[in-house]
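For reference, model-v4.txt (compact mmCIF, C-alpha atoms and all ligand atoms):
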```
# COMPACT_ATOMS: atom_id res chain seq x y z
CA MET F 1 143.60 341.89 125.43
CA GLN F 2 141.36 338.84 125.61
CA LEU F 3 138.52 340.45 127.59
CA LEU F 4 138.17 343.14 124.94
CA LYS F 5 138.35 340.71 122.01
CA ASP F 6 135.65 338.56 123.61
CA ARG F 7 133.46 341.62 124.07
CA ILE F 8 133.95 342.75 120.48
CA ARG F 9 133.00 339.27 119.25
CA LYS F 10 129.94 339.23 121.51
CA ASP F 11 128.60 342.76 121.02
CA GLY F 12 130.38 344.30 118.01
CA LYS F 13 128.38 344.77 114.84
CA ILE F 14 129.99 344.79 111.43
CA LYS F 15 128.60 347.49 109.16
CA SER F 16 129.20 348.27 105.51
CA GLY F 17 132.19 350.41 104.65
CA ASP F 18 134.53 348.54 107.02
CA VAL F 19 132.88 350.07 110.08
CA LEU F 20 132.76 348.14 113.33
CA LYS F 21 130.01 349.34 115.66
CA VAL F 22 130.78 349.02 119.34
CA ASP F 23 128.15 351.48 120.52
CA SER F 24 126.85 349.24 123.28
CA PHE F 25 130.09 349.27 125.32
CA LEU F 26 132.73 351.66 123.93
CA ASN F 27 131.62 354.82 122.24
CA HIS F 28 127.97 355.51 122.94
CA GLN F 29 126.96 353.48 125.98
CA MET F 30 130.21 352.98 127.90
CA ASP F 31 131.08 349.96 130.05
CA ILE F 32 133.21 351.54 132.77
CA LYS F 33 134.33 348.21 134.23
CA LEU F 34 135.78 347.39 130.83
CA PHE F 35 137.34 350.88 130.65
CA VAL F 36 139.04 350.23 133.99
CA GLU F 37 140.64 347.07 132.57
CA ILE F 38 141.63 349.03 129.46
CA GLY F 39 143.24 351.68 131.68
CA LYS F 40 145.25 349.08 133.61
CA GLU F 41 146.39 347.43 130.39
CA PHE F 42 147.66 350.70 128.86
CA LYS F 43 149.48 351.46 132.11
CA ARG F 44 151.10 348.01 132.01
CA ARG F 45 152.17 348.43 128.39
CA PHE F 46 153.58 351.92 128.89
CA ALA F 47 155.02 351.23 132.36
CA ASP F 48 158.55 351.91 131.11
CA GLU F 49 157.63 355.39 129.84
CA GLU F 50 157.34 358.72 131.55
CA VAL F 51 153.98 360.32 130.72
CA ASN F 52 152.70 363.60 132.13
CA LYS F 53 149.75 364.26 129.83
CA ILE F 54 147.20 362.30 127.84
CA LEU F 55 145.92 363.78 124.59
CA THR F 56 142.81 362.58 122.80
CA ILE F 57 140.25 363.93 120.35
CA GLU F 58 136.59 364.64 120.91
CA ALA F 59 134.22 363.02 121.23
CA SER F 60 134.59 359.30 121.65
CA GLY F 61 138.18 359.29 122.90
CA ILE F 62 137.38 361.42 125.94
CA GLY F 63 135.66 358.87 128.16
CA ILE F 64 138.35 356.27 127.60
CA ALA F 65 141.16 358.78 128.10
CA CYS F 66 139.69 359.92 131.42
CA ILE F 67 139.68 356.41 132.87
CA VAL F 68 143.15 355.66 131.46
CA ALA F 69 144.47 358.88 132.99
CA GLN F 70 143.63 357.68 136.48
CA TYR F 71 146.26 354.95 136.11
CA PHE F 72 148.90 357.42 134.92
CA ASP F 73 147.80 360.07 137.41
CA VAL F 74 147.97 362.81 134.76
CA PRO F 75 145.54 365.29 133.19
CA VAL F 76 143.67 364.71 129.95
CA VAL F 77 143.61 367.27 127.16
CA PHE F 78 141.21 366.72 124.30
CA ALA F 79 141.60 368.27 120.88
CA LYS F 80 138.47 370.19 120.01
CA LYS F 81 136.82 370.01 116.65
CA SER F 82 136.38 373.68 115.91
CA LYS F 83 133.62 375.05 113.79
CA THR F 84 135.04 378.54 113.55
CA LYS F 85 137.96 379.30 111.26
CA ASN F 86 140.75 381.76 112.07
CA ILE F 87 140.84 381.17 115.77
CA ALA F 88 143.21 383.40 117.68
CA GLY F 89 146.88 382.45 117.64
CA ASP F 90 146.88 380.94 121.09
CA VAL F 91 146.03 377.48 119.78
CA TYR F 92 147.73 374.71 117.81
CA THR F 93 145.54 373.64 114.89
CA THR F 94 145.58 370.95 112.28
CA GLN F 95 143.16 369.37 109.85
CA VAL F 96 141.78 365.86 110.25
CA GLU F 97 139.84 363.86 107.70
CA SER F 98 137.11 361.91 109.46
CA PHE F 99 136.83 358.21 108.69
CA THR F 100 133.25 357.89 109.87
CA HIS F 101 131.90 361.19 108.56
CA GLY F 102 133.95 361.46 105.38
CA ARG F 103 134.75 365.15 105.79
CA THR F 104 137.67 367.24 106.92
CA TYR F 105 137.52 369.42 109.99
CA ASP F 106 139.87 371.62 111.99
CA VAL F 107 141.00 370.47 115.41
CA MET F 108 142.66 372.63 118.00
CA VAL F 109 144.41 372.54 121.35
CA SER F 110 145.11 375.61 123.44
CA ARG F 111 148.79 376.49 123.81
CA GLU F 112 148.09 376.85 127.50
CA PHE F 113 147.73 373.10 127.92
CA LEU F 114 150.53 371.63 125.79
CA GLY F 115 154.13 372.64 125.29
CA ALA F 116 157.84 371.86 125.46
CA GLY F 117 158.64 369.58 128.38
CA ASP F 118 155.38 367.64 128.14
CA LYS F 119 155.57 363.88 127.57
CA VAL F 120 152.40 362.94 125.79
CA LEU F 121 150.52 359.68 125.39
CA LEU F 122 147.80 359.72 122.71
CA ILE F 123 144.65 357.72 123.41
CA ASP F 124 141.82 356.96 120.99
CA ASP F 125 139.05 354.43 120.52
CA PHE F 126 139.82 353.39 116.92
CA LEU F 127 142.69 353.42 114.49
CA ALA F 128 141.61 353.09 110.85
CA ASN F 129 143.40 355.22 108.26
CA GLY F 130 145.34 357.02 110.95
CA LYS F 131 144.21 360.57 110.19
CA ALA F 132 143.01 361.33 113.72
CA LEU F 133 146.28 360.13 115.27
CA GLU F 134 148.38 361.88 112.63
CA GLY F 135 146.57 365.11 113.48
CA LEU F 136 147.21 364.66 117.19
CA ALA F 137 150.87 363.79 116.53
CA ALA F 138 151.20 366.96 114.44
CA ILE F 139 149.83 369.04 117.30
CA VAL F 140 152.30 367.43 119.72
CA ARG F 141 155.14 368.15 117.27
CA ASP F 142 154.07 371.78 116.82
CA SER F 143 153.90 372.28 120.57
CA GLY F 144 157.48 371.09 121.12
CA ALA F 145 156.25 368.34 123.45
CA GLU F 146 157.56 364.78 123.26
CA LEU F 147 155.32 362.07 121.81
CA VAL F 148 155.67 358.96 123.98
CA GLY F 149 153.30 356.80 121.94
CA ALA F 150 149.70 355.99 121.18
CA GLY F 151 147.29 353.69 122.97
CA ILE F 152 144.43 352.47 120.79
CA VAL F 153 141.53 350.36 121.92
CA ILE F 154 140.65 348.85 118.53
CA GLU F 155 142.92 348.94 115.49
CA LYS F 156 141.60 347.78 112.16
CA GLY F 157 144.78 346.14 110.93
CA PHE F 158 143.47 345.80 107.39
CA GLN F 159 143.45 349.59 107.06
CA PRO F 160 146.75 351.45 106.67
CA GLY F 161 146.91 353.76 109.73
CA GLY F 162 148.73 351.46 112.16
CA ASP F 163 151.46 350.35 109.75
CA HIS F 164 151.98 353.91 108.57
CA LEU F 165 152.34 355.39 112.05
CA ARG F 166 154.68 352.58 113.18
CA SER F 167 156.82 353.12 110.08
CA GLU F 168 157.18 356.74 111.18
CA GLY F 169 158.65 355.48 114.45
CA ILE F 170 155.57 356.11 116.62
CA ARG F 171 155.02 353.46 119.29
CA VAL F 172 151.45 352.26 118.75
CA GLU F 173 149.94 349.86 121.27
CA SER F 174 146.55 348.49 120.23
CA LEU F 175 144.58 346.31 122.63
CA ALA F 176 142.73 344.48 119.85
CA ILE F 177 143.81 344.40 116.23
CA VAL F 178 141.08 343.31 113.83
CA GLU F 179 142.75 341.49 110.97
CA SER F 180 139.56 340.92 109.00
CA MET F 181 135.82 341.13 109.42
CA ASP F 182 133.05 339.76 107.28
CA GLU F 183 129.71 341.54 107.24
CA ALA F 184 127.84 338.59 105.69
CA THR F 185 128.84 336.00 108.31
CA GLY F 186 129.55 338.36 111.20
CA THR F 187 133.02 336.80 111.61
CA ILE F 188 135.83 338.84 113.16
CA CYS F 189 139.46 337.64 113.10
CA PHE F 190 142.04 339.25 115.37
CA ARG F 191 145.80 339.46 114.85
CA GLY F 192 147.44 336.72 116.87
CA ASP F 193 144.37 334.47 116.76
CA ARG F 194 146.08 331.78 114.74
P1 LIG B 201 141.23 357.24 111.36
O1 LIG B 201 141.51 358.69 111.53
O2 LIG B 201 142.31 356.35 111.95
O3 LIG B 201 140.91 356.87 109.93
O4 LIG B 201 139.89 356.94 112.15
C1 LIG B 201 139.88 357.05 113.53
C2 LIG B 201 138.62 357.69 114.02
O5 LIG B 201 137.49 357.33 113.23
C3 LIG B 201 138.36 357.22 115.43
O6 LIG B 201 138.54 358.32 116.28
C4 LIG B 201 136.93 356.74 115.43
O7 LIG B 201 136.12 357.69 116.09
C5 LIG B 201 136.52 356.66 114.00
N1 LIG B 201 136.45 355.27 113.49
C6 LIG B 201 137.26 354.71 112.55
N2 LIG B 201 136.87 353.48 112.25
C7 LIG B 201 135.81 353.21 113.03
C8 LIG B 201 134.97 352.06 113.17
O8 LIG B 201 135.11 351.01 112.50
N3 LIG B 201 133.97 352.15 114.09
C9 LIG B 201 133.77 353.27 114.84
N4 LIG B 201 132.76 353.23 115.73
N5 LIG B 201 134.54 354.38 114.72
C10 LIG B 201 135.55 354.35 113.82
```

Write the structure described by the file as C-alpha cells, please.
Ligand code: 5GP
Amino acid sequence: MQLLKDRIRKDGKIKSGDVLKVDSFLNHQMDIKLFVEIGKEFKRRFADEEVNKILTIEASGIGIACIVAQYFDVPVVFAKKSKTKNIAGDVYTTQVESFTHGRTYDVMVSREFLGAGDKVLLIDDFLANGKALEGLAAIVRDSGAELVGAGIVIEKGFQPGGDHLRSEGIRVESLAIVESMDEATGTICFRGDR
C-alpha cells in the first residue's frame, strides 16, 4: 500500500534492536485518515472472505481494528493482557512473548465473545516474530471458530513471523513489508520495491 509505505519512509524512525517506531501516526498518535485507507484496503484484500468478527490484541491493535471493522460491519474483540493468574474457566487463555517488552504475559478472551461458527479476521499493527498472532490463532483454534486470515499493517519481513505463519497455512496480508532497515542511514527497503 503505497500511501502507507510513503508515510513510513517520511515519519518512521529506526531504533536499535530492529524496532521501527511509528508513534506519530500508528500506535501512539493515530492518523485516522490513514486508518480509513487501511480499513478499505483490508476490506478489498479480504473481499472474497466471509468475516463476522475481528480479533486483535491490546493495546495498539485496538484503534486500527475498530476502523477496519467499520468496513466489514462486524464487532471487534480484543484479547486482554491479564495480570491475574488462574482466571475463571470462562475464558480462553494463551501465553504471548512480547517482542517490544521482552517478557511473556497471559492473554485472554471471554468465551462469551468467541466460539464455533465465528469466522475471524485477526488484525494487528506489526508482525515481527509472530508470537502475538500465534497466540491469537491459538485462541481462535481453542474456541472452535474459523480463522479466515490475518491483516497486518507493517510486517518486518526480515523477522521470521510472516514466513512461519504462512507456512502453517494462515493467510497473512501485510500492507507494507519491510525487507530491510538501516539505523545508521535511516534507509528502509520494502518488499516489491525493486
Ligand atoms: P511479534 O509477536 O510478531 O514478535 O510482535 C508483534 C507485536 O510486537 C506487535 O503487536 C507490536 O505491538 C510489537 N512490535 C513488534 N515489532 C515492532 C516494531 O518494530 N515497532 C513497534 N512499534 N512495535 C513492534

8 Å shell around ligand LIG 201 (chain B) using all atoms listed in the file, listed as a ChimeraX atom specification: /F:18-23,27,57,59-61,96-100,124-134,156,161

Selection near Phe35 (chain F), 8 Å with all atoms listed in the file, sequence-local residues under 5 positions removed, as number ranges by chain: F: 30, 64, 67-68

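For the residues F:Gln2, F:Gln95, F:Gln70, F:Gln159, ranking by smallest atom-to-atom distance to Gly39 (chain F) using all atoms listed in the file places F:Gln70 first.
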
Gly117 (chain F) environment, 9 Å, only C-alpha atoms, sequence neighbours closer than 3 positions dropped, as JSON, numbers by chain: {"F": [114, 144, 145, 146]}

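Checking F:Phe25, F:Tyr92, F:Phe78, F:Phe72 one by one against Asp48 (chain F), counting all atoms listed in the file, you find the shortest gap at F:Phe72.
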
Computed interatomic separation between CA of Val36 (chain F) and CA of Ala69 (chain F) (Å): 10.3 Å

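For the pair CA of Glu179 (chain F) and CA of Leu26 (chain F), the interatomic distance is 19.3 Å.
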
Which of F:Val109, F:Met1, F:Ile14, F:Cys66 sits closest to Thr187 (chain F) [using only C-alpha atoms]: F:Ile14

Regenerate region 57-77 of chain F at the level of N, CA, C and O atoms and dump it as a JSON list (two decimals), in the coordinates of the input.
```
[["chain", "number", "residue", "atom", "x", "y", "z"],
["F", 57, "ILE", "N", 141.02, 363.06, 121.25],
["F", 57, "ILE", "CA", 140.25, 363.93, 120.35],
["F", 57, "ILE", "C", 138.77, 363.72, 120.64],
["F", 57, "ILE", "O", 138.35, 362.59, 120.91],
["F", 58, "GLU", "N", 138.02, 364.80, 120.62],
["F", 58, "GLU", "CA", 136.59, 364.64, 120.91],
["F", 58, "GLU", "C", 135.89, 363.96, 119.73],
["F", 58, "GLU", "O", 136.34, 364.08, 118.61],
["F", 59, "ALA", "N", 134.84, 363.18, 119.95],
["F", 59, "ALA", "CA", 134.22, 363.02, 121.23],
["F", 59, "ALA", "C", 134.53, 361.67, 121.87],
["F", 59, "ALA", "O", 134.74, 361.56, 123.07],
["F", 60, "SER", "N", 134.61, 360.63, 121.03],
["F", 60, "SER", "CA", 134.59, 359.30, 121.65],
["F", 60, "SER", "C", 135.87, 358.90, 122.36],
["F", 60, "SER", "O", 135.87, 357.95, 123.14],
["F", 61, "GLY", "N", 136.96, 359.62, 122.16],
["F", 61, "GLY", "CA", 138.18, 359.29, 122.90],
["F", 61, "GLY", "C", 138.16, 359.77, 124.35],
["F", 61, "GLY", "O", 138.92, 359.26, 125.19],
["F", 62, "ILE", "N", 137.28, 360.72, 124.65],
["F", 62, "ILE", "CA", 137.38, 361.42, 125.94],
["F", 62, "ILE", "C", 137.10, 360.49, 127.12],
["F", 62, "ILE", "O", 137.87, 360.46, 128.09],
["F", 63, "GLY", "N", 136.02, 359.75, 127.04],
["F", 63, "GLY", "CA", 135.66, 358.87, 128.16],
["F", 63, "GLY", "C", 136.76, 357.87, 128.46],
["F", 63, "GLY", "O", 137.15, 357.68, 129.63],
["F", 64, "ILE", "N", 137.29, 357.26, 127.42],
["F", 64, "ILE", "CA", 138.35, 356.27, 127.60],
["F", 64, "ILE", "C", 139.58, 356.94, 128.21],
["F", 64, "ILE", "O", 140.17, 356.46, 129.18],
["F", 65, "ALA", "N", 139.95, 358.08, 127.63],
["F", 65, "ALA", "CA", 141.16, 358.78, 128.10],
["F", 65, "ALA", "C", 141.06, 359.14, 129.58],
["F", 65, "ALA", "O", 142.04, 359.06, 130.32],
["F", 66, "CYS", "N", 139.87, 359.52, 130.02],
["F", 66, "CYS", "CA", 139.69, 359.92, 131.42],
["F", 66, "CYS", "C", 139.94, 358.75, 132.38],
["F", 66, "CYS", "O", 140.56, 358.92, 133.43],
["F", 67, "ILE", "N", 139.46, 357.58, 132.00],
["F", 67, "ILE", "CA", 139.68, 356.41, 132.87],
["F", 67, "ILE", "C", 141.16, 356.00, 132.81],
["F", 67, "ILE", "O", 141.77, 355.70, 133.85],
["F", 68, "VAL", "N", 141.73, 356.02, 131.61],
["F", 68, "VAL", "CA", 143.15, 355.66, 131.46],
["F", 68, "VAL", "C", 144.02, 356.60, 132.30],
["F", 68, "VAL", "O", 144.96, 356.17, 132.97],
["F", 69, "ALA", "N", 143.66, 357.87, 132.29],
["F", 69, "ALA", "CA", 144.47, 358.88, 132.99],
["F", 69, "ALA", "C", 144.57, 358.63, 134.49],
["F", 69, "ALA", "O", 145.56, 359.00, 135.12],
["F", 70, "GLN", "N", 143.58, 357.98, 135.05],
["F", 70, "GLN", "CA", 143.63, 357.68, 136.48],
["F", 70, "GLN", "C", 144.80, 356.76, 136.81],
["F", 70, "GLN", "O", 145.38, 356.85, 137.88],
["F", 71, "TYR", "N", 145.16, 355.89, 135.87],
["F", 71, "TYR", "CA", 146.26, 354.95, 136.11],
["F", 71, "TYR", "C", 147.62, 355.59, 135.87],
["F", 71, "TYR", "O", 148.63, 355.09, 136.36],
["F", 72, "PHE", "N", 147.64, 356.69, 135.13],
["F", 72, "PHE", "CA", 148.90, 357.42, 134.92],
["F", 72, "PHE", "C", 149.00, 358.62, 135.86],
["F", 72, "PHE", "O", 150.05, 359.23, 135.98],
["F", 73, "ASP", "N", 147.87, 358.94, 136.49],
["F", 73, "ASP", "CA", 147.80, 360.07, 137.41],
["F", 73, "ASP", "C", 148.21, 361.38, 136.73],
["F", 73, "ASP", "O", 149.06, 362.12, 137.23],
["F", 74, "VAL", "N", 147.64, 361.61, 135.55],
["F", 74, "VAL", "CA", 147.97, 362.81, 134.76],
["F", 74, "VAL", "C", 146.68, 363.42, 134.21],
["F", 74, "VAL", "O", 145.66, 362.73, 134.13],
["F", 75, "PRO", "N", 146.73, 364.69, 133.80],
["F", 75, "PRO", "CA", 145.54, 365.29, 133.19],
["F", 75, "PRO", "C", 145.29, 364.82, 131.76],
["F", 75, "PRO", "O", 146.21, 364.35, 131.09],
["F", 76, "VAL", "N", 144.06, 365.00, 131.34],
["F", 76, "VAL", "CA", 143.67, 364.71, 129.95],
["F", 76, "VAL", "C", 143.41, 366.02, 129.23],
["F", 76, "VAL", "O", 142.71, 366.89, 129.76],
["F", 77, "VAL", "N", 143.97, 366.15, 128.04],
["F", 77, "VAL", "CA", 143.61, 367.27, 127.16],
["F", 77, "VAL", "C", 142.93, 366.66, 125.95],
["F", 77, "VAL", "O", 143.41, 365.65, 125.43]]
```
